[in-house]
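Okay, so here's the structure we're looking at.
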Amino acid sequence: MGHGRKKKRTHAVPTQEEFDDIPKTLVVRSGTVGRSVSALVSDVRQVMQPHTAVKLRERASNKIKDYVAVSNHLGLTHMLLFSQTETGTNLRISRFPRGPTLYMRVEKYALAKDCLRLQKTPHTSAAEFLTPPLIILNNFAGENKGREFKLMTTMLQNMFPAINPSTMRLTDARRVVLFNYNEETGLVDFRHYAVVVKPVGVTKGVKRVILSKNMPSLAQFDDISDYVLREAFASESDVEDGPENSVTLAQDYVGRNNAKNEQRAIRLLELGPRMDLRLMKIEAGLCEGEVIYHNYISKTKEELAEAEHQRQINLTNQARRRQQQDENVKRKKAKKGANNSDSEDDASEEDVRAPKIPEQPHRSAKDDFGGDAYNEDLFEDSESDASMDNEDANDSDADAAPAPKRAKPTKKK
């Protein structure tokens, strides 16, 4: 039986070094959340494919230290932690193993199924999730932006693999993740799109002929020109297909007739989900440590220095307690080992002092005297022995009999 052909040029496997440099993100939920938040977690896992655990089943009892313990073994670099409280839904973006951590409030969100339901012809393809998406950061740079924007930009960029335009294959650009900062509302808009190319300079009818695999039905038309000229008037889509919105394909792209050096228009079709995020605070550690930025609380330099001093004191006390606990554990283990050795020595001494006497097998009278080979002469004085036994028994009965009571004397009147 023959084997199938293996594609080596277009399906090159990355080396171990390249695979280690690829960021891998863990998307989990913390605590008890509703169905909508659980569905949002599943949609975000789809966005972060293929370098994430899509079918991960976490427990409500899992702690952050559990994820940190397995991060080095699995090569994880980032964690997206969703949680739900009475005030709303929260998102924490952390970097393994020492932070920092971005605390964000999810003001509004829409699931992927809701985004696809609004489209007339939704675009879905499983092949698009085999490659990581491209990231676009809009309106994050500026002179009036603080250091929190620089840190947020670095965190978001490092969540996705870096690209090299000179060596990148055009077929790997299948999806786009957009982070847009809205200065009016102070929110970060999260969007997820699929990249689609379409022919330019033709009407919708001709596009259907070019893009469709099957010829359209012309039964209701007298001539093919009626079908071509039916939608010859410029529509909203045709207006967008101008020279400024078209590109020349540098390589062969996925799809029908998308060959090299062809003019094509780029379209972005939303896949979902949507999220409107608000940055609340930034901590230096992994969900702990110094507060670098807070959206509502501002401190002076003296207050920041005092907070840092108190944090150092807490870390010193924590290290001292940990060292004391380790010493207590070692002392208890040593004491337990000494007690076990003493008990073993005592048991060995008892075995030496009182050796066990081997049990003798039970022997009956028949074994001692040769079984049934008894001589009648041995029992000839049995009657005399019986009479002696009866006399001894009578003497013992006489000795055991109580003495007669003496009558009390009576006084004479």
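By order of appearance in the structure tokens: chains A, B, ..., then residues from 1 within every chain, and ligands from 1 in the order shown.
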Tell me, as a count of residues only, which residues lie within 6 Å of stretch 267-271 of chain A, counting only C-alpha atoms; anything in the same chain fewer than 3 positions away does not count. 6
For stretch 100-132 of chain A versus stretch 34-41 of chain A, which residues have an atom no more than 9 Å away, and what is each residue's nearest atom pair and distance in Å rounded to one decimal, using only C-alpha atoms, chain-then-number order, as a tab-separated table?
residue	atom	partner	partner_atom	distance
A:Tyr109	CA	A:Leu40	CA	8.3
A:Ala110	CA	A:Leu40	CA	8.0
A:Leu111	CA	A:Leu40	CA	6.0
A:Ala112	CA	A:Leu40	CA	8.1
Please produce a file of those selected residues containing all heavy atoms, as a PDB file, in the first residue's frame.
ATOM      1  N   TYR A 109     -18.418  43.211  25.971  1.00  0.00           N
ATOM      2  CA  TYR A 109     -17.866  42.162  25.109  1.00  0.00           C
ATOM      3  C   TYR A 109     -18.998  41.512  24.326  1.00  0.00           C
ATOM      4  O   TYR A 109     -20.173  41.540  24.722  1.00  0.00           O
ATOM      5  CB  TYR A 109     -17.104  41.107  25.922  1.00  0.00           C
ATOM      6  CG  TYR A 109     -17.949  40.264  26.855  1.00  0.00           C
ATOM      7  CD1 TYR A 109     -18.515  39.066  26.433  1.00  0.00           C
ATOM      8  CD2 TYR A 109     -18.175  40.664  28.173  1.00  0.00           C
ATOM      9  CE1 TYR A 109     -19.282  38.298  27.289  1.00  0.00           C
ATOM     10  CE2 TYR A 109     -18.920  39.910  29.039  1.00  0.00           C
ATOM     11  CZ  TYR A 109     -19.476  38.720  28.585  1.00  0.00           C
ATOM     12  OH  TYR A 109     -20.243  37.965  29.450  1.00  0.00           O
ATOM     13  N   ALA A 110     -18.627  40.965  23.181  1.00  0.00           N
ATOM     14  CA  ALA A 110     -19.550  40.235  22.314  1.00  0.00           C
ATOM     15  C   ALA A 110     -18.864  38.951  21.880  1.00  0.00           C
ATOM     16  O   ALA A 110     -17.679  38.955  21.527  1.00  0.00           O
ATOM     17  CB  ALA A 110     -19.949  41.072  21.100  1.00  0.00           C
ATOM     18  N   LEU A 111     -19.594  37.854  21.904  1.00  0.00           N
ATOM     19  CA  LEU A 111     -19.040  36.557  21.554  1.00  0.00           C
ATOM     20  C   LEU A 111     -18.880  36.427  20.040  1.00  0.00           C
ATOM     21  O   LEU A 111     -19.438  37.212  19.259  1.00  0.00           O
ATOM     22  CB  LEU A 111     -19.923  35.434  22.092  1.00  0.00           C
ATOM     23  CG  LEU A 111     -20.147  35.432  23.605  1.00  0.00           C
ATOM     24  CD1 LEU A 111     -21.067  34.288  23.992  1.00  0.00           C
ATOM     25  CD2 LEU A 111     -18.827  35.335  24.351  1.00  0.00           C
ATOM     26  N   ALA A 112     -18.103  35.427  19.637  1.00  0.00           N
ATOM     27  CA  ALA A 112     -17.852  35.217  18.206  1.00  0.00           C
ATOM     28  C   ALA A 112     -19.130  34.848  17.464  1.00  0.00           C
ATOM     29  O   ALA A 112     -19.356  35.290  16.325  1.00  0.00           O
ATOM     30  CB  ALA A 112     -16.787  34.134  18.027  1.00  0.00           C
TER      31      ALA A 112
END
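Residues lying within 12 Å of A:Phe19, counting only C-alpha atoms and ignoring same-chain neighbours fewer than 2 positions away, are Val13, Pro14, Thr15, Gln16, Glu17, Asp21, Ile22, Pro23, Lys24, His51, Leu74, Gly75, Leu76 and Pro161 of chain A.
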Restricting the calculation to only C-alpha atoms: of A:Gln263, A:Arg174, A:Leu315, A:Glu18, which residue gets closest to A:Thr124? A:Arg174
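Take atom CA of A:Phe190 and atom CA of A:Val47: the distance between them is 11.1 Å.
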Using only C-alpha atoms, can you tell me which of A:Arg147, A:Arg311, A:Arg322, A:Arg331 comes closest to A:His294? A:Arg147
Test item, helix (DSSP H, G or I) assignment across stretch 42-247 of chain A, answer as a VMD selection string: chain A and resid 42 to 47 64 to 74 112 to 117 126 to 130 147 to 158 170 to 172 204 to 211 224 to 229 236 to 240 243 to 245
